[in-house]
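So this one's entry_5.txt, compact mmCIF, C-alpha atoms:
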# COMPACT_ATOMS: atom_id res chain seq x y z
CA MET Z 1 0.00 0.00 0.00
CA ALA Z 2 1.18 3.53 -0.75
CA ASP Z 3 2.80 5.76 1.86
CA LYS Z 4 -0.50 7.52 2.48
CA ILE Z 5 -3.90 5.86 2.76
CA ARG Z 6 -6.46 7.79 0.72
CA TRP Z 7 -9.79 8.52 2.41
CA GLY Z 8 -13.13 9.51 0.94
CA ILE Z 9 -15.93 11.02 3.03
CA VAL Z 10 -19.54 10.15 2.20
CA GLY Z 11 -21.84 12.83 3.62
CA PRO Z 12 -20.08 16.09 4.63
CA GLY Z 13 -22.18 16.81 7.73
CA HIS Z 14 -21.28 17.89 11.26
CA ILE Z 15 -19.46 14.72 12.34
CA ALA Z 16 -17.54 14.59 9.05
CA HIS Z 17 -15.94 17.94 9.94
CA SER Z 18 -14.63 16.53 13.23
CA PHE Z 19 -13.34 13.44 11.44
CA ALA Z 20 -11.63 15.46 8.68
CA LYS Z 21 -9.89 17.71 11.22
CA ASP Z 22 -8.48 14.67 13.03
CA LEU Z 23 -7.50 12.96 9.78
CA LYS Z 24 -5.12 15.88 9.16
CA LEU Z 25 -3.26 14.80 12.33
CA VAL Z 26 -2.67 11.26 11.03
CA GLU Z 27 0.66 11.26 9.23
CA ASP Z 28 -0.02 8.37 6.84
CA GLY Z 29 -3.55 9.35 5.83
CA GLU Z 30 -5.08 12.01 3.61
CA LEU Z 31 -8.53 13.11 2.54
CA THR Z 32 -8.64 12.82 -1.24
CA ALA Z 33 -12.38 12.80 -2.02
CA VAL Z 34 -15.74 14.06 -0.74
CA ALA Z 35 -19.18 13.03 -1.93
CA SER Z 36 -22.52 14.70 -1.23
CA ARG Z 37 -25.93 14.74 -2.87
CA SER Z 38 -25.11 18.42 -3.46
CA LEU Z 39 -21.99 19.17 -5.51
CA ASP Z 40 -21.85 22.63 -3.93
CA ARG Z 41 -21.64 21.09 -0.45
CA ALA Z 42 -19.00 18.61 -1.62
CA ASN Z 43 -16.96 21.44 -3.15
CA GLU Z 44 -17.22 23.58 -0.01
CA PHE Z 45 -16.13 20.72 2.26
CA ALA Z 46 -13.35 19.61 -0.09
CA ASP Z 47 -12.02 23.16 -0.34
CA GLU Z 48 -11.96 23.50 3.43
CA TYR Z 49 -9.97 20.31 3.98
CA GLY Z 50 -7.90 20.19 0.81
CA ALA Z 51 -9.50 17.18 -0.90
CA GLU Z 52 -8.68 16.99 -4.59
CA HIS Z 53 -11.76 15.11 -5.77
CA ARG Z 54 -15.38 16.05 -5.14
CA PHE Z 55 -18.56 14.34 -6.31
CA GLY Z 56 -22.21 15.39 -6.50
CA SER Z 57 -23.42 11.85 -5.92
CA TYR Z 58 -22.31 8.98 -3.71
CA GLN Z 59 -22.34 6.55 -6.64
CA GLU Z 60 -19.67 8.55 -8.49
CA LEU Z 61 -17.32 8.20 -5.54
CA PHE Z 62 -18.04 4.47 -5.20
CA GLU Z 63 -17.17 3.98 -8.87
CA SER Z 64 -13.98 6.06 -8.71
CA ASP Z 65 -10.43 4.83 -8.13
CA VAL Z 66 -9.21 7.78 -6.06
CA VAL Z 67 -9.69 6.33 -2.54
CA ASP Z 68 -8.57 3.32 -0.49
CA VAL Z 69 -11.25 3.56 2.20
CA LEU Z 70 -14.54 5.38 2.72
CA TYR Z 71 -15.96 6.97 5.87
CA ILE Z 72 -19.77 6.78 5.78
CA ALA Z 73 -20.94 9.83 7.76
CA THR Z 74 -24.57 10.08 6.63
CA PRO Z 75 -27.63 9.73 8.95
CA HIS Z 76 -28.39 6.28 10.45
CA THR Z 77 -31.09 5.44 7.94
CA SER Z 78 -28.72 5.32 4.96
CA HIS Z 79 -25.79 3.48 6.59
CA CYS Z 80 -26.86 0.04 5.42
CA GLU Z 81 -27.62 0.90 1.79
CA LEU Z 82 -24.55 3.06 1.24
CA THR Z 83 -22.15 0.71 3.01
CA ILE Z 84 -23.30 -2.28 0.98
CA GLU Z 85 -23.04 -0.29 -2.27
CA ALA Z 86 -19.50 0.80 -1.35
CA LEU Z 87 -18.49 -2.75 -0.41
CA ASN Z 88 -19.92 -4.06 -3.68
CA HIS Z 89 -17.58 -1.64 -5.45
CA GLY Z 90 -14.63 -3.07 -3.55
CA LYS Z 91 -14.18 -0.11 -1.19
CA ALA Z 92 -13.09 -0.59 2.41
CA VAL Z 93 -15.57 1.07 4.77
CA LEU Z 94 -15.55 2.74 8.16
CA CYS Z 95 -19.27 3.26 8.89
CA GLU Z 96 -20.38 5.74 11.54
CA LYS Z 97 -22.24 4.24 14.48
CA PRO Z 98 -24.76 2.77 14.77
CA MET Z 99 -23.66 0.59 11.90
CA GLY Z 100 -27.29 -0.21 11.11
CA ILE Z 101 -30.75 0.56 12.46
CA ASP Z 102 -31.21 -3.05 13.57
CA ALA Z 103 -29.53 -6.45 13.55
CA ASP Z 104 -31.01 -7.42 10.18
CA GLN Z 105 -29.28 -4.46 8.54
CA VAL Z 106 -25.96 -5.17 10.25
CA LYS Z 107 -26.11 -8.82 9.17
CA LYS Z 108 -26.59 -7.72 5.54
CA MET Z 109 -23.64 -5.34 5.80
CA ILE Z 110 -21.40 -8.03 7.28
CA ALA Z 111 -22.49 -10.48 4.58
CA ALA Z 112 -21.61 -7.94 1.87
CA ALA Z 113 -18.16 -7.36 3.39
CA LYS Z 114 -17.46 -11.09 3.50
CA LYS Z 115 -18.82 -11.71 -0.02
CA ASN Z 116 -16.59 -9.01 -1.47
CA GLY Z 117 -13.59 -9.74 0.74
CA VAL Z 118 -13.41 -6.10 1.84
CA PHE Z 119 -12.64 -4.45 5.18
CA LEU Z 120 -15.57 -3.15 7.26
CA MET Z 121 -15.62 -1.56 10.73
CA GLU Z 122 -18.15 0.37 12.75
CA ALA Z 123 -16.84 3.83 13.70
CA LEU Z 124 -17.29 3.39 17.44
CA TRP Z 125 -14.48 5.80 18.23
CA SER Z 126 -14.76 5.38 22.01
CA ARG Z 127 -13.44 1.81 21.71
CA PHE Z 128 -10.07 3.30 20.76
CA ASN Z 129 -10.01 6.09 23.36
CA PRO Z 130 -6.73 5.75 25.32
CA SER Z 131 -8.39 6.18 28.74
CA ILE Z 132 -11.04 3.54 28.01
CA ILE Z 133 -8.36 1.14 26.75
CA LYS Z 134 -6.24 1.76 29.86
CA VAL Z 135 -9.15 1.27 32.28
CA LYS Z 136 -10.17 -1.94 30.51
CA ASP Z 137 -6.59 -3.20 30.79
CA LEU Z 138 -6.42 -2.34 34.51
CA ILE Z 139 -9.68 -4.17 35.11
CA GLY Z 140 -8.33 -7.17 33.22
CA GLU Z 141 -5.28 -7.14 35.50
CA GLY Z 142 -7.55 -7.26 38.56
CA LYS Z 143 -6.60 -3.77 39.74
CA ILE Z 144 -10.05 -3.06 41.24
CA GLY Z 145 -11.06 -6.67 41.84
CA ASP Z 146 -14.21 -8.37 40.55
CA ILE Z 147 -16.54 -5.88 38.86
CA THR Z 148 -19.85 -5.52 40.68
CA TYR Z 149 -21.32 -2.26 39.33
CA LEU Z 150 -21.07 0.04 36.33
CA ASN Z 151 -22.77 3.38 35.76
CA ALA Z 152 -22.64 5.33 32.52
CA ASN Z 153 -24.90 8.06 31.14
CA PHE Z 154 -25.06 10.26 28.06
CA GLY Z 155 -27.50 13.15 27.86
CA PHE Z 156 -27.96 16.71 26.66
CA TYR Z 157 -30.89 19.04 26.06
CA GLY Z 158 -32.04 18.59 22.49
CA LEU Z 159 -35.78 19.24 22.53
CA ASP Z 160 -35.23 22.70 21.06
CA ARG Z 161 -33.91 21.24 17.80
CA ASP Z 162 -35.67 21.34 14.44
CA GLU Z 163 -38.29 18.58 14.53
CA ASN Z 164 -37.53 17.76 10.90
CA GLY Z 165 -33.85 17.29 11.74
CA ARG Z 166 -32.14 14.00 12.42
CA LEU Z 167 -32.52 14.03 16.20
CA LEU Z 168 -36.30 14.44 16.61
CA ASN Z 169 -37.55 12.98 13.32
CA PRO Z 170 -38.81 9.38 13.57
CA ASP Z 171 -38.43 8.94 9.80
CA LEU Z 172 -34.68 9.46 10.31
CA ALA Z 173 -34.51 6.98 13.23
CA GLY Z 174 -34.28 9.89 15.67
CA GLY Z 175 -34.22 9.79 19.45
CA SER Z 176 -31.53 9.36 22.06
CA LEU Z 177 -30.94 5.61 22.01
CA LEU Z 178 -29.28 5.01 18.65
CA ASP Z 179 -27.54 8.38 18.68
CA ILE Z 180 -26.07 8.50 22.19
CA GLY Z 181 -27.56 5.60 24.20
CA ILE Z 182 -25.28 3.36 22.18
CA TYR Z 183 -22.32 4.68 24.19
CA PRO Z 184 -23.38 3.56 27.71
CA ILE Z 185 -24.54 0.23 26.27
CA PHE Z 186 -21.18 -0.15 24.54
CA LEU Z 187 -19.28 0.46 27.80
CA ALA Z 188 -21.32 -2.13 29.71
CA TYR Z 189 -20.75 -4.62 26.90
CA LEU Z 190 -17.02 -3.85 26.72
CA ILE Z 191 -16.46 -4.30 30.46
CA LEU Z 192 -19.08 -6.89 31.44
CA GLY Z 193 -20.14 -8.58 28.20
CA LYS Z 194 -23.69 -9.46 27.21
CA PRO Z 195 -26.17 -9.24 30.11
CA ASP Z 196 -28.40 -12.06 31.29
CA ASN Z 197 -31.38 -9.72 31.53
CA ILE Z 198 -32.32 -6.16 30.62
CA GLU Z 199 -34.84 -3.82 32.23
CA ALA Z 200 -35.62 -0.56 30.43
CA VAL Z 201 -38.15 2.29 30.29
CA SER Z 202 -38.42 5.23 27.89
CA LEU Z 203 -40.11 8.61 27.57
CA PHE Z 204 -41.25 9.88 24.18
CA HIS Z 205 -41.50 13.23 22.37
CA LYS Z 206 -44.59 14.53 20.58
CA THR Z 207 -42.99 13.57 17.26
CA GLY Z 208 -42.94 9.95 18.45
CA VAL Z 209 -39.20 9.59 19.00
CA GLU Z 210 -37.79 8.27 22.28
CA THR Z 211 -36.14 11.08 24.24
CA GLN Z 212 -35.04 9.43 27.48
CA THR Z 213 -34.23 5.82 28.31
CA SER Z 214 -33.09 4.29 31.59
CA MET Z 215 -31.70 0.77 31.62
CA ILE Z 216 -30.48 -1.87 34.05
CA PHE Z 217 -28.28 -4.63 32.64
CA GLU Z 218 -28.17 -7.64 34.95
CA TYR Z 219 -25.19 -10.00 35.16
CA PRO Z 220 -24.56 -12.98 37.48
CA HIS Z 221 -22.52 -10.87 39.93
CA ALA Z 222 -22.95 -7.31 38.69
CA GLN Z 223 -25.37 -4.64 37.53
CA ALA Z 224 -24.97 -1.81 35.04
CA THR Z 225 -27.23 1.23 35.33
CA LEU Z 226 -27.31 3.17 32.07
CA ALA Z 227 -29.21 6.15 30.70
CA SER Z 228 -29.47 8.33 27.62
CA GLY Z 229 -31.61 11.35 27.00
CA LEU Z 230 -32.35 14.55 25.14
CA ARG Z 231 -34.27 16.14 28.00
CA SER Z 232 -31.43 17.43 30.21
CA ASN Z 233 -27.67 17.66 30.57
CA LEU Z 234 -26.52 14.57 32.44
CA GLN Z 235 -23.31 14.18 34.38
CA MET Z 236 -21.09 12.17 32.09
CA ARG Z 237 -18.49 10.59 34.34
CA ALA Z 238 -18.53 6.81 34.11
CA GLU Z 239 -17.99 4.68 37.22
CA ILE Z 240 -16.85 1.07 37.31
CA ALA Z 241 -16.79 -0.42 40.82
CA GLY Z 242 -15.17 -3.63 41.94
CA SER Z 243 -14.51 -5.64 45.05
CA ARG Z 244 -11.16 -3.86 45.67
CA GLY Z 245 -11.81 -0.35 44.35
CA SER Z 246 -13.30 1.79 41.60
CA ALA Z 247 -12.28 3.27 38.27
CA TYR Z 248 -13.71 6.50 36.85
CA LEU Z 249 -13.61 7.78 33.30
CA HIS Z 250 -13.51 11.57 33.46
CA GLU Z 251 -16.37 13.86 32.41
CA ARG Z 252 -17.67 13.28 28.89
CA TRP Z 253 -16.33 9.81 29.40
CA HIS Z 254 -16.96 8.64 25.82
CA GLU Z 255 -14.15 11.02 24.75
CA ALA Z 256 -12.29 10.97 28.09
CA GLN Z 257 -8.98 12.78 28.46
CA GLY Z 258 -8.11 10.88 31.62
CA TYR Z 259 -9.25 8.50 34.34
CA SER Z 260 -9.07 7.98 38.11
CA ILE Z 261 -8.50 4.93 40.29
CA GLU Z 262 -9.75 4.78 43.89
CA ILE Z 263 -8.46 2.07 46.22
CA ASP Z 264 -8.75 2.14 50.03
CA LYS Z 265 -10.36 5.59 49.80
CA LYS Z 266 -7.25 6.97 48.07
CA MET Z 267 -7.92 8.55 44.67
CA GLU Z 268 -5.28 8.85 41.96
CA ASP Z 269 -5.99 10.93 38.85
CA PHE Z 270 -4.32 10.28 35.51
CA ASP Z 271 -4.30 12.49 32.43
CA LEU Z 272 -4.34 10.59 29.15
CA PRO Z 273 -5.30 13.01 26.40
CA THR Z 274 -6.47 12.00 22.97
CA LYS Z 275 -4.71 13.12 19.82
CA GLY Z 276 -7.01 15.77 18.39
CA LYS Z 277 -10.63 15.23 19.31
CA GLY Z 278 -10.07 11.49 19.34
CA TYR Z 279 -11.12 10.21 15.92
CA THR Z 280 -7.41 9.78 15.18
CA HIS Z 281 -7.32 6.58 17.23
CA GLU Z 282 -9.96 4.77 15.17
CA ILE Z 283 -8.23 6.02 12.00
CA TYR Z 284 -4.97 4.45 13.22
CA GLU Z 285 -6.82 1.18 13.78
CA VAL Z 286 -8.24 1.22 10.25
CA HIS Z 287 -4.80 1.94 8.81
CA ASP Z 288 -3.24 -0.89 10.80
CA CYS Z 289 -5.91 -3.30 9.55
CA LEU Z 290 -5.58 -2.21 5.92
CA ARG Z 291 -1.78 -2.37 5.92
CA ASN Z 292 -1.87 -5.84 7.44
CA GLY Z 293 -4.56 -7.19 5.13
CA LYS Z 294 -7.16 -7.62 7.87
CA LEU Z 295 -10.83 -7.59 6.87
CA GLN Z 296 -11.99 -6.55 10.35
CA SER Z 297 -10.61 -5.12 13.57
CA GLU Z 298 -9.69 -7.41 16.41
CA LYS Z 299 -10.41 -4.62 18.91
CA TRP Z 300 -13.90 -3.90 17.54
CA SER Z 301 -14.92 -6.85 15.41
CA LEU Z 302 -17.98 -7.36 13.24
CA LYS Z 303 -19.28 -9.73 15.92
CA ASN Z 304 -18.92 -6.93 18.47
CA SER Z 305 -21.01 -4.65 16.23
CA LEU Z 306 -23.65 -7.35 15.84
CA ASP Z 307 -23.75 -7.96 19.60
CA LEU Z 308 -24.15 -4.23 20.21
CA VAL Z 309 -27.02 -3.77 17.76
CA ASN Z 310 -28.74 -6.82 19.24
CA LEU Z 311 -28.62 -5.10 22.64
CA LEU Z 312 -30.07 -1.93 21.09
CA ASP Z 313 -32.80 -4.02 19.46
CA GLU Z 314 -33.64 -5.64 22.79
CA VAL Z 315 -33.90 -2.30 24.59
CA ARG Z 316 -36.12 -0.95 21.80
CA SER Z 317 -38.33 -4.03 22.00
CA ILE Z 318 -38.73 -3.68 25.77
CA THR Z 319 -39.57 0.04 25.60
CA GLY Z 320 -41.73 -0.12 22.46
CA THR Z 321 -39.42 2.16 20.48
CA THR Z 322 -40.14 1.78 16.77
CA PHE Z 323 -39.77 3.83 13.59
CA PRO Z 324 -42.45 4.39 10.92
CA PHE Z 325 -40.44 2.58 8.22
CA GLU Z 326 -40.38 -0.59 10.38
CA GLU Z 327 -44.15 -0.97 10.51

What is this structure when it is put down as structure tokens?
Amino acid sequence: MADKIRWGIVGPGHIAHSFAKDLKLVEDGELTAVASRSLDRANEFADEYGAEHRFGSYQELFESDVVDVLYIATPHTSHCELTIEALNHGKAVLCEKPMGIDADQVKKMIAAAKKNGVFLMEALWSRFNPSIIKVKDLIGEGKIGDITYLNANFGFYGLDRDENGRLLNPDLAGGSLLDIGIYPIFLAYLILGKPDNIEAVSLFHKTGVETQTSMIFEYPHAQATLASGLRSNLQMRAEIAGSRGSAYLHERWHEAQGYSIEIDKKMEDFDLPTKGKGYTHEIYEVHDCLRNGKLQSEKWSLKNSLDLVNLLDEVRSITGTTFPFEE
């Protein structure tokens, strides 16, 4: 593979800007192409980040030979279709989370990746956050003993948003769960695995989307209490408690810049900043996989993505959270 891995961005929205800024910090990667349904938007984004190629349709980018890997940054509802189309054109794909709306979609995406022999990974950037990796390693070493409790939340006030926008529009799979609830569920899964039982309740907005969900994941010797919501700003420090002590991921834990360990009532704080905002770390993982001929990440595998979406499906089933296009 060439010295620099060539990236294309599909959907130049808000999150794509954060990704493109961090891609500039990755020495062996470059943004070479941008695709949007609007050529003007593609041109504007490409000009801002120095991408040579710009396309007024996604299909044109899929059919081009100017990229090695694509970042799918469109709304949830188009992840499945666009990812499969890209894979069918032989393009490696990093798909923004959630990979699909439900397990059926994710299974189709995984099948397409395997059929075409092409790399696919869900862009769950928190999995590659240095503080989360370090805390997971410390837990694995028994630093805080057997895990008995985990608490993680993600919430902000979003009810003042445009009701036709992605967040509050049921036709766009809006609501808190798929957008931000995925993070607390991911952390429980990463640390404790798949639960034996799930309890969950949700509140709903007048548009029909779920706007607050509280969950309890039950394990043989532990519980995880999790929440997501668009109704208020929640404290976002994650706590993982064990038989010997506790670990804390600092505020806005999904993009933590450090962690703390408490043992025998003595707290030690550790700074562990991300490079850039933190998307760099998942980009490094993709590069490592591509350069080593891997078709999936060992740190966040396709099975991990399928397990995660199955947990999201189960929570939605319990709370009665559905979208119009599923009926």

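From CA of Thr83 in chain Z back to CA of Glu285 in chain Z, the distance works out to 18.7 Å.
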
Val201 in chain Z environment, 6 Å, all atoms listed in the file, sequence neighbours closer than 5 positions dropped, as a list in words = Thr213, Ser214 and Thr319 of chain Z

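Shortest atom-to-atom contact with Leu302 in chain Z among Z:Val106, Z:Leu168, Z:Leu178, Z:Val286: Z:Val106, counting all atoms listed in the file.
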
Each residue of range 128-190 of chain Z with at least one atom at most 7 Å from range 272-281 of chain Z should appear once, together with its nearest atom pair and the corresponding distance in Å (one decimal); atoms considered: all atoms listed in the file; ordering: chain, then increasing residue number; output as JSON lines.
{"residue": "Z:Phe128", "atom": "CA", "partner": "Z:His281", "partner_atom": "CA", "distance": 5.5}
{"residue": "Z:Asn129", "atom": "CA", "partner": "Z:His281", "partner_atom": "CA", "distance": 6.7}
{"residue": "Z:Pro130", "atom": "CA", "partner": "Z:Leu272", "partner_atom": "CA", "distance": 6.6}
{"residue": "Z:Ser131", "atom": "CA", "partner": "Z:Leu272", "partner_atom": "CA", "distance": 6.0}

Find the spatial neighbours of Ala73 in chain Z, counting all atoms listed in the file, within a cut-off of 9 Å - ignore same-chain residues fewer than 2 positions away - and output them as a list in words.
-> Ile9, Val10, Gly11, Pro12, Gly13, His14, Ile15, Ala16, Tyr71, Pro75, His76, His79, Leu94, Cys95, Glu96 and Lys97 of chain Z

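Counting all atoms listed in the file and comparing Z:Leu177, Z:Ile132, Z:Ile191, Z:Ala33, the residue that lies closest to Ala256 in chain Z is Z:Ile132.
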
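Straight-line separation from CA of Thr77 in chain Z to CA of Pro324 in chain Z: 11.8 Å.
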
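Separating CA of His17 in chain Z from CA of Leu70 in chain Z is a distance of 14.6 Å.
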
Restricting the calculation to all atoms listed in the file, which member of Z:Ala247, Z:Leu61, Z:Leu234, Z:Leu138 is positioned closest to Phe154 in chain Z?
-> Z:Leu234

With range 144-148 of chain Z as the partner and 7 Å as the cut-off, tabulate the residues of range 218-266 of chain Z that qualify, each row holding the nearest pair of atoms and their distance in Å to one decimal, using all atoms listed in the file, sorted by chain and rising number, as JSON lines.
{"residue": "Z:His221", "atom": "CA", "partner": "Z:Thr148", "partner_atom": "CA", "distance": 6.0}
{"residue": "Z:Ala222", "atom": "CA", "partner": "Z:Thr148", "partner_atom": "CA", "distance": 4.1}
{"residue": "Z:Gln223", "atom": "CA", "partner": "Z:Thr148", "partner_atom": "CA", "distance": 6.4}
{"residue": "Z:Ala241", "atom": "CA", "partner": "Z:Ile147", "partner_atom": "CA", "distance": 5.8}
{"residue": "Z:Gly242", "atom": "CA", "partner": "Z:Ile147", "partner_atom": "CA", "distance": 4.1}
{"residue": "Z:Ser243", "atom": "CA", "partner": "Z:Gly145", "partner_atom": "CA", "distance": 4.8}
{"residue": "Z:Arg244", "atom": "CA", "partner": "Z:Ile144", "partner_atom": "CA", "distance": 4.6}
{"residue": "Z:Gly245", "atom": "CA", "partner": "Z:Ile144", "partner_atom": "CA", "distance": 4.5}
{"residue": "Z:Ser246", "atom": "CA", "partner": "Z:Ile144", "partner_atom": "CA", "distance": 5.8}

Which residues are close to Lys206 in chain Z, i.e. within 10 Å by all atoms listed in the file, leaving aside same-chain residues fewer than 4 positions away? Reply as a PDB file with C-alpha atoms, in the frame of the given file.
ATOM      1  CA  GLU Z 163     -38.290  18.580  14.530  1.00  0.00           C
ATOM      2  CA  LEU Z 168     -36.300  14.440  16.610  1.00  0.00           C
ATOM      3  CA  GLU Z 210     -37.790   8.270  22.280  1.00  0.00           C
ATOM      4  CA  THR Z 211     -36.140  11.080  24.240  1.00  0.00           C
TER       5      THR Z 211
END
